[in-house]
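A.B. asks: Mind having a look at this structure? Questions to follow.
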Amino acid sequence: MIPIFKFQKQKKHFLALLIVCLSALSAFGKNPESAYIFSYTSGKSFDGLHFAWSTDKISWHPIGPEFSYIHSDFGAWGSEKRMVDPVLFLGADGFWHCVWSLNEKDGNFAHASSKDLLYWGRQSYPVVMNNKNCLTPEVTFNKEKEEYTISWLSKDQTETKAWYTTTKDFKKFSETKSLPVSEYKSSRATVLISGKSETGSINKVAWNVVEGLIKTQQLAAYKSQLWAETTKTDNERFASLKPVEAKFTVDASKSKKISNSLIGIFFEDINYGADGGLYAELVQNRDFEYILADTKGRDKTWNSTKAWSLKGDGSNYVIDSINPIHPNNKHYAKLTVKDSKTALVNEGFDGIAVKAGEKYDFSVFARAVEGKAGKLIIRLAGKNGEVYGEASIPTIGKDWKKYNTTITAKTTEANTSLEIVPQMIGTLDLDMISLFPQKTFKGRKNGLRADLAQPLADLKPKFMRFPGGCVAHGDGLENIYRWKNTIGPLETRKPMSNLWRYHQTVGLGYFEYFQFCEDIGAAPLPVIAAGVPCQNSSTGGAGQQCGIPMAEMADYVQDILDLVEYANGDVTTKWGKKRAEAGHPKPFNLKYIGIGNEDLITDIFEERFTMIFKALKEKHPEITVIGTVGPNFEGTDYQEGWDIATKLSVPMVDEHYYQSPGWFIYNQDYYDSYDGSKPKVYLGEYASHLPGRPNNIETALSEALYLTSVERNGDVVSMASYAPLLAKDKHTQWNPNLIYFNNTEVRPTVGYEVQKLYGQNSGDQYIPSETKLSNNQENVKNRIAISVVRDTKTNDLIVKLVNMLPVAVNTSIDLKNGSLENKEAIKSVLKGDPSDKNAKATVSTASLSELTNTELPAYSFTVYRIKAKTK
């Protein structure tokens, strides 16, 4: 199995540090055979289990201090993730067990176990109380019955009661029963640590247990120090550094095959990435389906009238739901029109931007309920009544019907509104009001914003993951993303709340995702929830404790099997026919399906994931299933996820990590030790994060540096995608992102430049190289990297070189056995000050001889593409 802690090349530095740090322990002259450990926590958000040690139970030495060895993963993001009143004990099975309270409201306690107090297994949160809390749990063991008794207190405003349950394995629990409060006994002790009174558990252990705790904390501290290195301190770190001489010997005879799908993109509807973003619809809340719950009640104006207003004296409108167009879109606007100046106005997403001479398709479902029917005038209007474009719709009938017209913009304006002006007196119902530019990407109806989609196509992605990570498994069971709700006519699709606290019309649905993948030559990679919602859910049972009931899982699994039929099935099949009816009789050639996203690996998760995986493997062995191993590069979910994937022979796992530039610098051998016989890796989400979360030369170059190692291990890592992809100005919930935009402007970042250089210069054959430097300091060596690949389709040779030092690197490259006939290369260089957020790659031609003596500028990424000589 892949080790949790990767000691990296800086191991010798760590060992030296340990010798110094552990010298304090030799004050005893000889280490004691045993000592006491005290386990405790503050109970604050994100705080975990701490340890202190003592030889006499009087003088306590904190480890860290307050380094956390395990955190509670119950509850939503933010303040809910707490560990309260933990109790630690050595079980009859030889494992350490920790039980704790979660908060002051839920009727669950938490449990986790560990063999060594360092690596902790899966957490579980058994529900033992309904509508009551579970506080200060205690555990005792009955040797005769070989069972544990967990007791706790439950308090409300008027009284305190005690309760208990029993278990043999911490998986199955007996019925909760009451306990006289007088029989509830606390095992906790209160001690003084660094002048502060703490309450927790005391256990006697062998001295090597204490040593293990200390070494683990010191290793973590050393890594944190190393990974915290930034370019802000490079002047001090490299004060005496001279330009470095680097010689690279590249031997083409030792090449190996690597993935031909390494660089792709990941789209998630975060930061208004879909509605108001990539999806070209210009009308906000077109279906009047916004609800307050979309924003978790934070925006009191967020309801069915959001983005809409009414002009006209005496006229009014209400939101109705009697006899709607479709049950999935039950709300619509009912206008009572008193005069010919009445207008229903939509403000769009921060306004509606239009371009002079371009055409915009308007559509609406309408019915005239009372009064004499008349036509509708449709306008693009300015704030002062300017009319920038106008069209009309003929007389509206008595029944729901879709009406269409086209408006040509007279001028270019960044902030117009859409006005619907009824030419009638009476009552009119309107729904599914839409305005689309005709110039969508590839001219697709219900398509994508062309100026935003094109930069994605320019990345030359080999695949696209969609519809999101957290969005896919949703906030609670009812919010799990169901692909069937996103296909078919727009009025029949079922809109939903977005986990990122806004709204999804699902106008950009599975058909559109598949179509876009085809348009840009990217393999589709849909991600499906593993039968559990997001572990950070704030709705319905704190995440994965509310997994889809097993009685309903067969239907859920069938939905996933139906997705394969929708994508790949013949037009004679049920779901293949629906794809054809949408305008695409040819299959979409689906090869991959991701199951789960950053999930908390629990028994609840494993049972459902296993059921889904086995069904897909049996029915569709041609589909590569991609599992999940949590949200980090190490830890319980990572280890447990890998264990499940290995046990089931899952073809590939999805790894995620957002780390500092220092982490990427010092972990370039991360994949070097992976077992090639185990599941392959999809690095589904990664990005370099600095304080303040900029996307600049420093973050971009650290990603470029790390990607050289990903290419080197391209026989293990099959795919990789940066995240997140898109962010709209004024609506950004997460930074950094690859592309920022507003209604009129698209701003690719420096990180985008790196992704483009890799995407446009990818290969399927890796050629190893030997590096010799004039300076072999670890922090120098780790900031210089080379990757050489060949694209066997074109036979082009591609050399990527990264210099993250504040001085130039003078390089010579010996292309041994290269067999290069073309003497010219295309050279791309990305460079700048580390804080530069606007740097762009420059492209030029270079002679092949330049590679024998070239300079890599300080803080730069250079790519040479040596094209094969054409006959």
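Labeling convention for the structure tokens: chains A, B, ... as they appear, residues from 1 per chain, ligands from 1 in order of appearance.
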Using the chain letters and numbers from this document, which residues of segment 285-532 of chain A does DSSP assign to strand (DSSP E or B), as a ChimeraX atom specification?
C.D. replies: /A:308-311,316-320,326,329,332-337,343-346,348,351-354,359-372,376-381,387-393,401-408,413-422,425-437,440,448-449,463-466,496-498,502-504,523-528
A.B. asks: Show me, as JSON lines, the residues of segment 700-735 of chain A having an atom within 6 Å of segment 254-272 of chain A, each with the closest atom pair and its distance in Å, using only C-alpha atoms.
C.D. replies:
```
{"residue": "A:Gly714", "atom": "CA", "partner": "A:Ile258", "partner_atom": "CA", "distance": 4.5}
{"residue": "A:Asp715", "atom": "CA", "partner": "A:Ile258", "partner_atom": "CA", "distance": 4.5}
{"residue": "A:Ser718", "atom": "CA", "partner": "A:Ser259", "partner_atom": "CA", "distance": 5.2}
{"residue": "A:Met719", "atom": "CA", "partner": "A:Leu262", "partner_atom": "CA", "distance": 4.1}
{"residue": "A:Ala720", "atom": "CA", "partner": "A:Ile263", "partner_atom": "CA", "distance": 5.4}
{"residue": "A:Ser721", "atom": "CA", "partner": "A:Ile265", "partner_atom": "CA", "distance": 4.9}
{"residue": "A:Leu725", "atom": "CA", "partner": "A:Phe267", "partner_atom": "CA", "distance": 5.9}
{"residue": "A:Ala727", "atom": "CA", "partner": "A:Asn271", "partner_atom": "CA", "distance": 4.7}
{"residue": "A:Lys728", "atom": "CA", "partner": "A:Asn271", "partner_atom": "CA", "distance": 5.8}
{"residue": "A:His731", "atom": "CA", "partner": "A:Asn271", "partner_atom": "CA", "distance": 5.4}
{"residue": "A:Thr732", "atom": "CA", "partner": "A:Asn271", "partner_atom": "CA", "distance": 4.5}
{"residue": "A:Gln733", "atom": "CA", "partner": "A:Asn271", "partner_atom": "CA", "distance": 5.5}
```
A.B. asks: What are the nearest atom pairs, with distances in Å to one decimal, for all residues of segment 494-556 of chain A that come at most 9 Å from segment 611-617 of chain A, using only C-alpha atoms, set out by chain and rising residue number as JSON lines?
C.D. replies:
```
{"residue": "A:Ala530", "atom": "CA", "partner": "A:Ile612", "partner_atom": "CA", "distance": 7.4}
{"residue": "A:Gly531", "atom": "CA", "partner": "A:Ile612", "partner_atom": "CA", "distance": 8.4}
{"residue": "A:Met553", "atom": "CA", "partner": "A:Met611", "partner_atom": "CA", "distance": 8.3}
{"residue": "A:Ala554", "atom": "CA", "partner": "A:Met611", "partner_atom": "CA", "distance": 8.6}
{"residue": "A:Tyr556", "atom": "CA", "partner": "A:Ile612", "partner_atom": "CA", "distance": 8.6}
```
A.B. asks: Based on the selection just made, write all heavy atoms of those residues as a short mmCIF file (atom, residue, chain, number, x, y, z; two decimals), in the first residue's frame.
C.D. replies:
```cif
data_model
loop_
_atom_site.label_atom_id
_atom_site.label_comp_id
_atom_site.auth_asym_id
_atom_site.auth_seq_id
_atom_site.Cartn_x
_atom_site.Cartn_y
_atom_site.Cartn_z
N ALA A 530 -21.54 8.76 -4.99
CA ALA A 530 -21.41 7.34 -4.61
C ALA A 530 -22.52 6.91 -3.66
O ALA A 530 -22.29 6.15 -2.72
CB ALA A 530 -20.06 7.10 -3.98
N GLY A 531 -23.72 7.43 -3.88
CA GLY A 531 -24.84 7.07 -3.02
C GLY A 531 -24.85 7.82 -1.71
O GLY A 531 -25.66 7.53 -0.82
N MET A 553 -31.17 1.84 -3.34
CA MET A 553 -29.91 1.87 -4.09
C MET A 553 -29.99 1.16 -5.44
O MET A 553 -29.29 1.53 -6.37
CB MET A 553 -28.79 1.28 -3.25
CG MET A 553 -28.14 2.26 -2.29
SD MET A 553 -27.38 3.68 -3.12
CE MET A 553 -26.06 2.88 -4.05
N ALA A 554 -30.84 0.15 -5.56
CA ALA A 554 -30.95 -0.56 -6.85
C ALA A 554 -31.42 0.40 -7.93
O ALA A 554 -30.90 0.38 -9.06
CB ALA A 554 -31.89 -1.75 -6.72
N TYR A 556 -31.02 3.65 -7.87
CA TYR A 556 -29.95 4.62 -8.09
C TYR A 556 -28.87 4.03 -9.00
O TYR A 556 -28.38 4.70 -9.91
CB TYR A 556 -29.35 5.04 -6.74
CG TYR A 556 -28.29 6.10 -6.87
CD1 TYR A 556 -28.63 7.43 -7.11
CD2 TYR A 556 -26.94 5.79 -6.75
CE1 TYR A 556 -27.65 8.41 -7.23
CE2 TYR A 556 -25.96 6.76 -6.86
CZ TYR A 556 -26.32 8.07 -7.10
OH TYR A 556 -25.35 9.04 -7.23
#
```
A.B. asks: So, with only C-alpha atoms as the atoms that count, which of A:Ser253, A:Thr792, A:Asn346, A:Ser392 lies closest to Asn817 of chain A?
C.D. replies: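 Selected residue with least distance to Asn817 of chain A: A:Ser253.
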A.B. asks: Counting only C-alpha atoms, what is within 10 Å of Tyr164 of chain A, bar same-chain residues fewer than 4 positions away, as number ranges by chain?
C.D. replies: A: 128, 137-139, 149-153, 174-179, 184
A.B. asks: Would you save the residues from that selection as an mmCIF file, in the first residue's frame, using N, CA, C and O atoms?
C.D. replies:
```
data_model
loop_
_atom_site.group_PDB
_atom_site.id
_atom_site.type_symbol
_atom_site.label_atom_id
_atom_site.label_comp_id
_atom_site.auth_asym_id
_atom_site.auth_seq_id
_atom_site.Cartn_x
_atom_site.Cartn_y
_atom_site.Cartn_z
ATOM 1 N N VAL A 128 -27.711 7.699 18.492
ATOM 2 C CA VAL A 128 -28.192 6.996 19.685
ATOM 3 C C VAL A 128 -29.323 7.743 20.386
ATOM 4 O O VAL A 128 -29.925 7.216 21.325
ATOM 5 N N PRO A 137 -19.374 11.507 26.491
ATOM 6 C CA PRO A 137 -19.502 10.046 26.493
ATOM 7 C C PRO A 137 -18.406 9.379 27.326
ATOM 8 O O PRO A 137 -17.283 9.888 27.422
ATOM 9 N N GLU A 138 -18.742 8.232 27.925
ATOM 10 C CA GLU A 138 -17.815 7.419 28.703
ATOM 11 C C GLU A 138 -17.890 5.977 28.207
ATOM 12 O O GLU A 138 -18.925 5.553 27.671
ATOM 13 N N VAL A 139 -16.797 5.251 28.387
ATOM 14 C CA VAL A 139 -16.748 3.863 27.910
ATOM 15 C C VAL A 139 -16.206 2.962 29.010
ATOM 16 O O VAL A 139 -15.197 3.277 29.654
ATOM 17 N N THR A 149 -19.696 -0.692 27.047
ATOM 18 C CA THR A 149 -20.859 0.126 27.376
ATOM 19 C C THR A 149 -20.474 1.585 27.193
ATOM 20 O O THR A 149 -19.495 2.058 27.778
ATOM 21 N N ILE A 150 -21.218 2.274 26.347
ATOM 22 C CA ILE A 150 -21.004 3.709 26.141
ATOM 23 C C ILE A 150 -22.138 4.432 26.836
ATOM 24 O O ILE A 150 -23.316 4.196 26.522
ATOM 25 N N SER A 151 -21.811 5.267 27.778
ATOM 26 C CA SER A 151 -22.823 6.049 28.490
ATOM 27 C C SER A 151 -22.558 7.528 28.242
ATOM 28 O O SER A 151 -21.439 7.933 27.928
ATOM 29 N N TRP A 152 -23.580 8.335 28.417
ATOM 30 C CA TRP A 152 -23.446 9.767 28.169
ATOM 31 C C TRP A 152 -24.556 10.528 28.898
ATOM 32 O O TRP A 152 -25.526 9.933 29.380
ATOM 33 N N LEU A 153 -24.393 11.813 28.932
ATOM 34 C CA LEU A 153 -25.400 12.690 29.497
ATOM 35 C C LEU A 153 -26.158 13.392 28.380
ATOM 36 O O LEU A 153 -25.596 13.665 27.317
ATOM 37 N N SER A 174 -26.643 -1.713 20.708
ATOM 38 C CA SER A 174 -27.921 -2.110 21.287
ATOM 39 C C SER A 174 -28.851 -0.906 21.371
ATOM 40 O O SER A 174 -28.436 0.246 21.182
ATOM 41 N N GLU A 175 -30.104 -1.177 21.683
ATOM 42 C CA GLU A 175 -31.084 -0.114 21.851
ATOM 43 C C GLU A 175 -30.663 0.804 23.001
ATOM 44 O O GLU A 175 -30.195 0.349 24.044
ATOM 45 N N THR A 176 -30.811 2.093 22.793
ATOM 46 C CA THR A 176 -30.474 3.058 23.831
ATOM 47 C C THR A 176 -31.434 2.931 25.013
ATOM 48 O O THR A 176 -32.652 2.858 24.830
ATOM 49 N N LYS A 177 -30.848 2.903 26.219
ATOM 50 C CA LYS A 177 -31.666 2.779 27.433
ATOM 51 C C LYS A 177 -31.245 3.847 28.432
ATOM 52 O O LYS A 177 -30.117 4.350 28.407
ATOM 53 N N SER A 178 -32.155 4.191 29.314
ATOM 54 C CA SER A 178 -31.871 5.205 30.319
ATOM 55 C C SER A 178 -30.995 4.629 31.425
ATOM 56 O O SER A 178 -30.973 3.419 31.666
ATOM 57 N N LEU A 179 -30.284 5.525 32.089
ATOM 58 C CA LEU A 179 -29.369 5.156 33.157
ATOM 59 C C LEU A 179 -29.533 6.177 34.274
ATOM 60 O O LEU A 179 -29.592 7.380 34.007
ATOM 61 N N TYR A 184 -23.848 7.253 36.242
ATOM 62 C CA TYR A 184 -22.943 7.755 35.207
ATOM 63 C C TYR A 184 -21.656 8.220 35.877
ATOM 64 O O TYR A 184 -21.677 9.084 36.764
#
```
A.B. asks: As a PyMOL selection string, please: the residues near Ser660 of chain A (cut-off 7 Å, only C-alpha atoms, same-chain neighbours under 2 positions excluded).
C.D. replies: chain A and resi 227-228+662-664+688-690
A.B. asks: So which residues touch Ser124 of chain A within 7 Å, counting only C-alpha atoms, skipping near sequence neighbours fewer than 6 positions away, as JSON, numbers by chain?
C.D. replies: {"A": [110, 111, 112, 602]}
A.B. asks: Take the residues just selected and output them with N, CA and C atoms as a PDB file, in the first residue's frame.
C.D. replies:
```
ATOM      1  N   ALA A 110     -19.129  10.151  18.332  1.00  0.00           N
ATOM      2  CA  ALA A 110     -18.187   9.742  17.291  1.00  0.00           C
ATOM      3  C   ALA A 110     -17.251   8.680  17.833  1.00  0.00           C
ATOM      4  N   HIS A 111     -16.767   7.828  16.913  1.00  0.00           N
ATOM      5  CA  HIS A 111     -15.809   6.788  17.293  1.00  0.00           C
ATOM      6  C   HIS A 111     -14.760   6.635  16.201  1.00  0.00           C
ATOM      7  N   ALA A 112     -13.510   6.427  16.614  1.00  0.00           N
ATOM      8  CA  ALA A 112     -12.438   6.061  15.697  1.00  0.00           C
ATOM      9  C   ALA A 112     -11.433   5.237  16.489  1.00  0.00           C
ATOM     10  N   THR A 602     -16.364   5.909   4.948  1.00  0.00           N
ATOM     11  CA  THR A 602     -17.042   5.254   6.056  1.00  0.00           C
ATOM     12  C   THR A 602     -17.612   3.937   5.569  1.00  0.00           C
TER      13      THR A 602
END
```
A.B. asks: Which parts of segment 674-841 of chain A does DSSP call alpha helix (DSSP H) when run on the backbone here, written out as a VMD selection string?
C.D. replies: chain A and resid 697 to 712 750 to 759 778 to 781
A.B. asks: Work out how far apart atom CA of Gly488 of chain A and atom CA of Phe463 of chain A are and give it in Å to one decimal.
C.D. replies: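 For atom CA of Gly488 of chain A relative to atom CA of Phe463 of chain A, the distance reads 24.1 Å.
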A.B. asks: Would you please work out which residue, of A:Tyr657, A:Ser315, A:Asp73, A:Pro651, is nearest to Glu634 of chain A when using only C-alpha atoms?
C.D. replies: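 Under the stated criterion, the closest residue is A:Tyr657.
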A.B. asks: I'd like the contact shell of Ile322 of chain A - 9 Å cut-off, only C-alpha atoms, skipping same-chain residues fewer than 4 positions apart - returned as a ChimeraX atom specification.
C.D. replies: /A:330-332
A.B. asks: Just the residues within 12 Å of Ala580 of chain A, please, counting only C-alpha atoms, with nothing from its chain fewer than 2 positions along; format it as a ChimeraX atom specification.
C.D. replies: /A:487-488,511,565-578,582-588
A.B. asks: What are the closest atom pairs, with distances in Å to one decimal, for each residue of segment 175-236 of chain A lying within 12 Å of segment 796-813 of chain A, using only C-alpha atoms, rows by chain and rising residue number, as a Markdown table?
C.D. replies:
```
| residue | atom | partner | partner_atom | distance |
| --- | --- | --- | --- | --- |
| A:Thr230 | CA | A:Met804 | CA | 10.5 |
| A:Thr231 | CA | A:Pro806 | CA | 8.3 |
| A:Lys232 | CA | A:Pro806 | CA | 10.6 |
| A:Thr233 | CA | A:Pro806 | CA | 10.5 |
| A:Asp234 | CA | A:Pro806 | CA | 7.0 |
| A:Asn235 | CA | A:Pro806 | CA | 7.6 |
| A:Glu236 | CA | A:Pro806 | CA | 10.7 |
```
A.B. asks: So, with only C-alpha atoms as the atoms that count, which of A:Gly627, A:Gly594, A:Gly692, A:Gly348 lies closest to Ser434 of chain A?
C.D. replies: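 Residue with the minimum atom-to-atom distance to Ser434 of chain A: A:Gly348.
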A.B. asks: Using only C-alpha atoms, which residue out of A:Lys484, A:Lys341, A:Lys494, A:Lys81 lies closest to Arg579 of chain A?
C.D. replies: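 Closest residue, counting only C-alpha atoms: A:Lys484.
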A.B. asks: A:Gln504, A:Thr749, A:Thr845, A:Gln535: which is nearest Gly273 of chain A, counting only C-alpha atoms?
C.D. replies: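 Checking each candidate against Gly273 of chain A, we get A:Gln504 as the closest.
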A.B. asks: I'd like the interatomic distance between atom CA of Asp47 of chain A and atom CA of Asn131 of chain A, to a tenth of an Å.
C.D. replies: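 Here the two named atoms are 25.7 Å from each other.
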